[in-house]
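Engineer: What follows is a single structure, and I will ask about it in a moment.
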2 protein chains.
Amino acid sequence: MDITNIKVYMQAVGQNARTASRLMAKADTASKNQALIAMAEAIRHDEKNLLEANTRDLENAKAKGLGSAMIDRLALSSKSIASMADGLLQIAALSDPIGEMSDLNYRPSGIQVGRMRVPLGVIGIIYEARPNVTADAAGLCLKAGNAAILRGGSEAMHSNQAIAACVKEGLRAARLPETAVQVIETSDRAAVGELITMKKFVDIIVPRGGKGLIERISNEACIPVIKHLDGICHVYIDDQADLEKAIRIADNAKTQRYGTCNTMETLLVHEGIAKQVLPPLCKIYLDKGVELRGNKAACAIIPQMKLATEEDWGTEYLAPILNIGVVSGLDQAIEHITAYGSQHTDAIVTENYSHVRRFLREVDSSSVMVNTSTRFADGFEYGLGAEIGISTDKIHARGPVGLEGLTSQKFIVLGDGQIRQ
Amino acid sequence: MDITNIKVYMQAVGQNARTASRLMAKADTASKNQALIAMAEAIRHDEKNLLEANTRDLENAKAKGLGSAMIDRLALSSKSIASMADGLLQIAALSDPIGEMSDLNYRPSGIQVGRMRVPLGVIGIIYEARPNVTADAAGLCLKAGNAAILRGGSEAMHSNQAIAACVKEGLRAARLPETAVQVIETSDRAAVGELITMKKFVDIIVPRGGKGLIERISNEACIPVIKHLDGICHVYIDDQADLEKAIRIADNAKTQRYGTCNTMETLLVHEGIAKQVLPPLCKIYLDKGVELRGNKAACAIIPQMKLATEEDWGTEYLAPILNIGVVSGLDQAIEHITAYGSQHTDAIVTENYSHVRRFLREVDSSSVMVNTSTRFADGFEYGLGAEIGISTDKIHARGPVGLEGLTSQKFIVLGDGQIRQ
């Protein structure tokens with residue numbers, strides 16, 4: 001397509017997607033799976049092409065002086081290409097959510113009322129320079145019967161176009177419309193502006209990336225956005241916690257990986273157990289090089305800890321830094337989480353039944369956990385098969401968003417000639 | 001509260017609502033039901049006050065020269081007051097959606113993952129001069145554990161404030177925060193502008209009213225809106241329809257009430273059955289004074305019909321006017337519904353199993369019906385207990401929106417010390 005006039009180009013992309021979405025909504029399960037399997041084969045088969053395209057992106061990125069974290073995300077390898085293909089095969093193996101009928105109950109009038117799961121329509125996905133998202137997002141949208149418009153970071157342009165070619169090959173093999181997945185071919189930022197305001201053609205926007213990207217998009221979009229902002233996750237160790245579980249979980253939640261959104265950023269400990277739990281636990285953290293910042297009561301127990309500032313409690317570090325607060329009990333723990341948390345994932349460690357009940361009910365986060373690590377907040381771990389992101393919103397989808405989050409439900413009504421009185 | 005500075009006033013209303021919403025989320029079922037029952041009692045008890053307040057509104061409305069349809073909607077009577085109270089008792093009798101845990105499955109890691117239903121938080125409802133909506137909306141939001149900010153049409157100001165007093169009485173009786181339901185006390189339109197942009201305090205907006213109101217609000221809001229636009233509903237009579245059912249349903253769908261959103265606006269008839277079905281059916285319509293507009297093939301069968309314009313097919317008449325199209329079959333019927341419908345409610349009349357399957361799957365409307373009248377598209381008829389509106393959107397809620405549409409689900413994860421490997 002001609003990409004000199006961005007508005008005209010994006011309108012054409014939108015119109016194509018809308019048309020394709022109608023055909024995708026009708027596509028049968030076998031065709032969708034066939035396309036996914038063919039995409040995976042194409043990706044494996046084209047490994048050399050993909051690596052070459054990626055090398056071009058990497059060279060440009062290095063020439064531009066991009067940071068090593070960004071380069072890491074941008075880089076493809078034989079292993080990451082194989083895992084992209086595996087991801088598509090896993091999506092093929094998931095059961096098809098579309099057309100599922102549920103809750104069909106008879107009403108006093110004689111009609112039978114239920115629901116049928118349907119695609120959302122056209123999904124716009126905006127992400128940073130991570131080529132693997134191109135395959136993941138295409139696969140999830142396709143399986144859920146949607147058309148997708150993908151806009152990846154410009155630094156990954158060649159890699160994304162090479163993956164897009166494999167996606168199109170898969171769609172062709174299954175006789176599905178090639179425009180069911182369109183990868184935007186321009187790095188012009190105006191394309192994003194069009195994408196997030198084409199109400200007529202796009203039903204929902206999923207931004208994947210840093211907080212800055214997501215805030216900008218959700219401020220400017222006039223289409224609903226599945227948002228994922230900060231992950232300021234807490235673990236609260238109750239005075240009735242099993243000490244061994246508490247230490248194992250609090251260690252894992254912080255140190256298994258530092259840079260993920262479900263990593264714990266603040267540990268809260270009941271004052272009645274703090275002197276038992278903090279010394280052995282903080283030794284683990286300090287041995288692993290984690291910087292500790294605490295409130296006064298915590299600092300009084302662990303001398304290596306510095307005093308946390310007000311700002312620290314509301315910071316997503318994504319780094320080996322941890323806030324530790326000693327609290328008076330469950331009430332103060334929940335208050336703290338409500339005040340400083342980001343409604344992402346919070347956990348309690350306790351053996352007390354009533355405390356579990358209250359924590360589950362009163363903590364208003366997308367995942368609320370008992371006696372386990374916040375690191376489990378993840379679509380794969382939850383059995384969703386794959387995730388397109390984690391929503392920290394409450395509207396439409398909350399928590400890890402898998403296939404179901406890319407669908408809606410319509411009412412179906414079955415009658416035998418009933419009329420309204 | 002001081003209402004001279006609208007921005008300051010609305011920010012205070014928003015802050016109150018946010019605070020109340022936290023308490024409402026924790027409120028137990030018994031307290032919520034007690035409040036609803038006490039509200040119903042207060043409304044019955046205050047009948048005289050309510051009628052007096054309503055009389056003042058009616059006098060102002062007549063002085064302003066409001067139309068009779070608006071006056072009708074504004075007017076309260078002993079009967080409508082009793083039915084408002086009954087509505088609240090019915091909401092009390094519904095099971096509490098909040099805290100419901102479902103789908104708790106064990107995962108290979110040993111954690112058990114499920115969902116818990118939670119309130120949305122703060123709901124802003126904007127409606128026209130229909131005082132009964134004040135009680136309905138307050139009751140539904142409360143039962144779903146939310147705080148509500150209600151903004152009714154300025155013509156109903158006195159009636160709404162009188163109802164609001166009863167609502168507050170009910171909240172007090174159950175020791176729930178009075179600010180859980182706030183009725184905006186100013187008729188200044190700027191209050192709506194604030195309400196739909198206070199992201200920090202309001203989680204979702206539900207506009208109830210005409211298309212103009214809803215379009216304006218959804219264009220200006222930066223908070224998600226549960227939208228209900230046109231109801232351009234279709235009935236398609238297939239060539240394999242049972243004639244008697246077809247006539248009964250097509251009559252009911254149009255003539256049982258003309259002014260509702262689930263009233264049929266266009267009838268589609270298979271060409272193979274049109275000569276049998278249209279003459280007796282159109283006689284019924286003409287006897288009832290329904291004006292008929294059709295395509296050429298329909299006009300050829302019914303001489304009293306005039307030719308429909310392109311615009312007619314996309315019009316929600318809300319009046320005794322009906323479009324009739326003779327079509328070549330199921331494909332053309334679905335194409336027509338896709339092109340001109342409003343994705344509200346569409347029905348097929350047929351005895352053919354495969355046609356039913358295709359219609360259910362391929363018609364992308366919030367309610368898709370088989371062998372029954374579109375007039376059934378309604379929260380009460382569907383067993384939702386009550387409805388806050390009918391959503392023609394696909395995001396979050398679709399079709400009649402009852403208690404469940406005013407809630408979200410969070411993930412809950414139960415473990416025994418599991419950590420991520």
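FYI, nothing fancy with the structure tokens labels: chains A, B, ... in order, residues from 1 per chain, ligands from 1 as they appear.
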Using only C-alpha atoms, find which residues of chain B lie within 7 Å of chain A and jot them down as a PyMOL selection string.
Structural biologist: chain B and resi 26+99+107+113+120+245+249+252+361-362+365-373+375-376+382-383+394-396+398-399+408-420
Engineer: At a cut-off of 10 Å, using only C-alpha atoms, what residues contact Glu41 (chain B)? Leave out same-chain residues fewer than 4 positions from it and give the result as a count of residues only.
Structural biologist: 14
Engineer: Residues of region 166-409 of chain A in helix (DSSP H, G or I) according to DSSP, as a count of residues only?
Structural biologist: 92
Engineer: With only C-alpha atoms as the counted atoms, please give the residues lying no more than 12 Å from Lys79 (chain A), apart from itself and same-chain residues fewer than 4 positions off, as a list in words.
Structural biologist: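 Using only C-alpha atoms, the neighbours found are Ile43, Arg44, Glu47, Leu51, Ala75, Ser83, Met84, Ala85, Asp86 and Asn132 of chain A.
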Engineer: How many Å lie between CA of Ala135 (chain A) and CA of Ala53 (chain A), rounded to one decimal?
Structural biologist: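 Separation between CA of Ala135 (chain A) and CA of Ala53 (chain A): 15.1 Å.
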Engineer: Within 10 Å of Met305 (chain A), counting only C-alpha atoms, which residues show up once you throw out same-chain ones fewer than 5 positions away? Write them as a PyMOL selection string, please.
Structural biologist: chain A and resi 282+286+291-296+298-300+322-324
Engineer: Would you save the residues from that selection as a compact mmCIF listing (two decimals), in the first residue's frame, using N, CA, C and O atoms?
Structural biologist:
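Output file again_6.txt follows:
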# COMPACT_ATOMS: atom_id res chain seq x y z
N CYS A 282 16.25 -10.99 55.58
CA CYS A 282 17.08 -9.89 55.08
C CYS A 282 18.50 -10.35 54.81
O CYS A 282 19.17 -9.81 53.93
N LEU A 286 20.29 -9.45 51.41
CA LEU A 286 21.58 -8.75 51.39
C LEU A 286 22.65 -9.60 50.69
O LEU A 286 23.45 -9.09 49.91
N GLU A 291 19.12 -3.99 47.80
CA GLU A 291 19.15 -2.83 48.68
C GLU A 291 17.84 -2.77 49.45
O GLU A 291 16.76 -2.91 48.87
N LEU A 292 17.92 -2.54 50.77
CA LEU A 292 16.71 -2.55 51.59
C LEU A 292 16.39 -1.14 52.10
O LEU A 292 17.27 -0.42 52.56
N ARG A 293 15.10 -0.76 51.98
CA ARG A 293 14.64 0.52 52.51
C ARG A 293 13.42 0.25 53.37
O ARG A 293 12.49 -0.44 52.91
N GLY A 294 13.39 0.77 54.59
CA GLY A 294 12.29 0.38 55.47
C GLY A 294 11.71 1.53 56.26
O GLY A 294 12.23 2.66 56.24
N ASN A 295 10.63 1.24 56.97
CA ASN A 295 10.13 2.25 57.91
C ASN A 295 10.94 2.14 59.20
O ASN A 295 11.81 1.27 59.33
N LYS A 296 10.65 3.03 60.15
CA LYS A 296 11.49 3.08 61.35
C LYS A 296 11.55 1.75 62.07
O LYS A 296 12.62 1.28 62.48
N ALA A 298 11.19 -1.21 60.94
CA ALA A 298 11.98 -2.20 60.20
C ALA A 298 13.46 -1.90 60.35
O ALA A 298 14.28 -2.80 60.58
N CYS A 299 13.82 -0.61 60.23
CA CYS A 299 15.22 -0.21 60.35
C CYS A 299 15.77 -0.55 61.74
O CYS A 299 16.96 -0.87 61.89
N ALA A 300 14.89 -0.51 62.75
CA ALA A 300 15.33 -0.82 64.11
C ALA A 300 15.75 -2.28 64.23
O ALA A 300 16.58 -2.63 65.07
N LEU A 322 14.22 -3.12 47.64
CA LEU A 322 12.98 -3.57 48.26
C LEU A 322 12.62 -2.67 49.43
O LEU A 322 13.48 -2.33 50.24
N ASN A 323 11.33 -2.26 49.51
CA ASN A 323 10.83 -1.57 50.69
C ASN A 323 10.34 -2.60 51.69
O ASN A 323 9.70 -3.58 51.30
N ILE A 324 10.61 -2.36 52.97
CA ILE A 324 10.08 -3.26 54.01
C ILE A 324 9.38 -2.42 55.07
O ILE A 324 9.96 -1.47 55.61
Engineer: Excluding Gly14 (chain B) and residues on its chain fewer than 3 positions from it, collect all residues at most 7 Å away from it, counting only C-alpha atoms, and give them as a CSV table (one decimal) with N, CA and C atoms, in the first residue's frame.
Structural biologist:
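Heads up, here's the output in selection00.csv:
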chain,number,residue,atom,x,y,z
B,10,MET,N,-18.0,19.2,42.3
B,10,MET,CA,-17.9,17.9,41.8
B,10,MET,C,-16.7,17.1,42.2
B,11,GLN,N,-15.6,17.7,42.5
B,11,GLN,CA,-14.4,17.0,43.0
B,11,GLN,C,-14.8,16.5,44.4
B,17,ALA,N,-17.5,9.8,46.9
B,17,ALA,CA,-18.0,8.6,46.2
B,17,ALA,C,-16.8,7.6,46.3
B,18,ARG,N,-15.6,8.0,46.0
B,18,ARG,CA,-14.5,7.1,46.1
B,18,ARG,C,-14.3,6.5,47.5
B,201,PHE,N,-11.9,9.6,40.1
B,201,PHE,CA,-13.0,9.3,41.0
B,201,PHE,C,-14.1,8.4,40.4
B,202,VAL,N,-14.2,8.4,39.1
B,202,VAL,CA,-15.3,7.7,38.5
B,202,VAL,C,-14.8,6.6,37.6
Engineer: Which of region 134-380 of chain B counts as strand (DSSP E or B) under DSSP, as a compact mmCIF listing (two decimals) with N, CA and C atoms, in the first residue's frame please?
Structural biologist:
# COMPACT_ATOMS: atom_id res chain seq x y z
N ALA B 147 -20.43 2.70 44.66
CA ALA B 147 -20.98 4.01 44.97
C ALA B 147 -21.50 4.60 43.66
N ALA B 148 -22.57 5.41 43.76
CA ALA B 148 -23.18 5.97 42.55
C ALA B 148 -23.24 7.48 42.64
N ILE B 149 -22.98 8.12 41.50
CA ILE B 149 -23.22 9.56 41.37
C ILE B 149 -24.29 9.71 40.29
N LEU B 150 -25.43 10.25 40.67
CA LEU B 150 -26.57 10.31 39.75
C LEU B 150 -26.81 11.74 39.29
N ARG B 151 -26.99 11.91 37.99
CA ARG B 151 -27.29 13.22 37.45
C ARG B 151 -28.52 13.08 36.56
N VAL B 181 -24.70 6.93 47.60
CA VAL B 181 -25.52 7.41 46.48
C VAL B 181 -25.62 8.92 46.60
N GLN B 182 -25.07 9.64 45.63
CA GLN B 182 -25.17 11.09 45.64
C GLN B 182 -25.93 11.55 44.40
N VAL B 183 -26.95 12.38 44.63
CA VAL B 183 -27.68 12.95 43.51
C VAL B 183 -27.19 14.39 43.35
N ILE B 204 -16.87 4.25 35.71
CA ILE B 204 -17.64 4.00 34.48
C ILE B 204 -18.84 4.94 34.45
N ILE B 205 -19.23 5.31 33.23
CA ILE B 205 -20.37 6.20 33.03
C ILE B 205 -21.46 5.42 32.30
N VAL B 206 -22.69 5.50 32.81
CA VAL B 206 -23.83 4.90 32.12
C VAL B 206 -24.81 6.02 31.76
N PRO B 207 -24.86 6.41 30.50
CA PRO B 207 -25.86 7.40 30.10
C PRO B 207 -27.16 6.68 29.73
N ARG B 208 -28.26 7.18 30.23
CA ARG B 208 -29.56 6.61 29.86
C ARG B 208 -30.39 7.70 29.25
N VAL B 225 -17.58 4.32 28.90
CA VAL B 225 -19.02 4.57 28.86
C VAL B 225 -19.72 3.29 28.41
N CYS B 233 -33.94 -2.89 15.06
CA CYS B 233 -34.08 -4.35 15.20
C CYS B 233 -34.78 -4.95 13.99
N HIS B 234 -34.34 -6.16 13.64
CA HIS B 234 -34.90 -6.87 12.48
C HIS B 234 -35.53 -8.19 12.89
N VAL B 235 -36.57 -8.57 12.14
CA VAL B 235 -37.05 -9.95 12.18
C VAL B 235 -36.92 -10.48 10.75
N TYR B 236 -36.29 -11.65 10.60
CA TYR B 236 -36.20 -12.28 9.28
C TYR B 236 -37.07 -13.52 9.27
N ILE B 237 -38.05 -13.52 8.34
CA ILE B 237 -38.91 -14.70 8.18
C ILE B 237 -38.34 -15.54 7.05
N MET B 264 -39.21 -3.97 16.58
CA MET B 264 -38.72 -4.20 15.22
C MET B 264 -38.94 -2.96 14.35
N GLU B 265 -37.91 -2.57 13.59
CA GLU B 265 -38.06 -1.45 12.66
C GLU B 265 -38.05 -1.93 11.21
N THR B 266 -37.48 -3.11 10.98
CA THR B 266 -37.44 -3.67 9.62
C THR B 266 -37.76 -5.16 9.65
N LEU B 267 -38.69 -5.54 8.78
CA LEU B 267 -39.04 -6.96 8.62
C LEU B 267 -38.44 -7.44 7.30
N LEU B 268 -37.72 -8.55 7.35
CA LEU B 268 -37.17 -9.14 6.13
C LEU B 268 -37.89 -10.47 5.89
N VAL B 269 -38.29 -10.69 4.64
CA VAL B 269 -39.05 -11.90 4.33
C VAL B 269 -38.42 -12.59 3.13
N HIS B 270 -38.24 -13.91 3.26
CA HIS B 270 -37.69 -14.70 2.14
C HIS B 270 -38.66 -14.64 0.97
N GLU B 291 -47.74 2.44 9.18
CA GLU B 291 -47.34 2.83 7.83
C GLU B 291 -46.27 1.87 7.32
N LEU B 292 -46.42 1.39 6.08
CA LEU B 292 -45.48 0.40 5.56
C LEU B 292 -44.61 0.99 4.44
N ARG B 293 -43.31 0.72 4.52
CA ARG B 293 -42.38 1.15 3.48
C ARG B 293 -41.55 -0.06 3.07
N GLY B 294 -41.47 -0.33 1.77
CA GLY B 294 -40.80 -1.57 1.39
C GLY B 294 -39.89 -1.42 0.20
N LYS B 306 -45.42 2.07 0.45
CA LYS B 306 -44.65 2.98 -0.42
C LYS B 306 -43.19 2.55 -0.42
N LEU B 307 -42.47 3.01 -1.44
CA LEU B 307 -41.08 2.58 -1.60
C LEU B 307 -40.21 3.19 -0.49
N ILE B 321 -44.28 2.91 12.09
CA ILE B 321 -43.79 2.88 10.71
C ILE B 321 -42.89 1.65 10.62
N LEU B 322 -43.01 0.88 9.53
CA LEU B 322 -42.22 -0.35 9.41
C LEU B 322 -41.65 -0.47 8.00
N ASN B 323 -40.37 -0.83 7.91
CA ASN B 323 -39.77 -1.17 6.62
C ASN B 323 -39.96 -2.67 6.38
N ILE B 324 -40.26 -3.04 5.15
CA ILE B 324 -40.36 -4.46 4.82
C ILE B 324 -39.51 -4.73 3.58
N GLY B 325 -38.60 -5.68 3.71
CA GLY B 325 -37.75 -6.04 2.57
C GLY B 325 -37.94 -7.51 2.22
N VAL B 326 -38.20 -7.77 0.95
CA VAL B 326 -38.22 -9.15 0.48
C VAL B 326 -36.80 -9.48 0.03
N VAL B 327 -36.25 -10.58 0.57
CA VAL B 327 -34.84 -10.91 0.29
C VAL B 327 -34.74 -12.30 -0.32
N THR B 345 -30.85 -6.00 18.59
CA THR B 345 -31.56 -7.26 18.69
C THR B 345 -32.12 -7.64 17.33
N ASP B 346 -31.83 -8.88 16.91
CA ASP B 346 -32.33 -9.34 15.63
C ASP B 346 -32.78 -10.79 15.77
N ALA B 347 -33.88 -11.12 15.06
CA ALA B 347 -34.48 -12.45 15.22
C ALA B 347 -34.69 -13.13 13.87
N ILE B 348 -34.62 -14.45 13.89
CA ILE B 348 -34.99 -15.24 12.72
C ILE B 348 -36.21 -16.08 13.09
N VAL B 349 -37.12 -16.27 12.13
CA VAL B 349 -38.21 -17.23 12.31
C VAL B 349 -38.01 -18.32 11.29
N SER B 367 -28.33 -9.10 21.15
CA SER B 367 -29.23 -10.24 21.34
C SER B 367 -29.58 -10.81 19.97
N VAL B 368 -29.42 -12.11 19.84
CA VAL B 368 -29.80 -12.79 18.60
C VAL B 368 -30.83 -13.83 18.97
N MET B 369 -32.00 -13.79 18.29
CA MET B 369 -33.14 -14.59 18.73
C MET B 369 -33.63 -15.54 17.64
N VAL B 370 -34.25 -16.62 18.09
CA VAL B 370 -34.84 -17.59 17.18
C VAL B 370 -36.30 -17.80 17.58
N ASN B 371 -37.18 -17.64 16.63
CA ASN B 371 -38.61 -17.93 16.83
C ASN B 371 -39.21 -17.27 18.07
N THR B 372 -38.82 -16.01 18.27
CA THR B 372 -39.46 -15.26 19.35
C THR B 372 -39.35 -13.76 19.05
Engineer: Fewer than 3 positions away in the same chain doesn't count, so skip those; otherwise give me all residues within 7 Å of Glu316 (chain B), counting only C-alpha atoms, as an mmCIF file with N, CA and C atoms, in the first residue's frame.
Structural biologist:
data_model
loop_
_atom_site.group_PDB
_atom_site.id
_atom_site.type_symbol
_atom_site.label_atom_id
_atom_site.label_comp_id
_atom_site.auth_asym_id
_atom_site.auth_seq_id
_atom_site.Cartn_x
_atom_site.Cartn_y
_atom_site.Cartn_z
ATOM 1 N N ASP B 230 -28.709 3.294 18.933
ATOM 2 C CA ASP B 230 -30.005 2.964 18.313
ATOM 3 C C ASP B 230 -30.435 1.528 18.565
ATOM 4 N N GLY B 231 -31.713 1.313 18.475
ATOM 5 C CA GLY B 231 -32.240 -0.039 18.379
ATOM 6 C C GLY B 231 -32.938 -0.195 17.030
ATOM 7 N N ILE B 232 -32.142 -0.546 16.011
ATOM 8 C CA ILE B 232 -32.751 -0.821 14.693
ATOM 9 C C ILE B 232 -32.812 -2.337 14.601
ATOM 10 N N GLU B 265 -37.910 -2.571 13.591
ATOM 11 C CA GLU B 265 -38.058 -1.446 12.656
ATOM 12 C C GLU B 265 -38.052 -1.926 11.211
#
Engineer: Mind checking which residues fall within 8 Å of Asp96 (chain A), counting only C-alpha atoms, ignoring those fewer than 5 positions away in the same chain, and posting them as a ChimeraX atom specification?
Structural biologist: /A:29,143-144
Engineer: What is the CA of Thr4 (chain A)-CA of Leu195 (chain A) distance in Å, reported with one decimal?
Structural biologist: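 Separation between CA of Thr4 (chain A) and CA of Leu195 (chain A): 16.0 Å.
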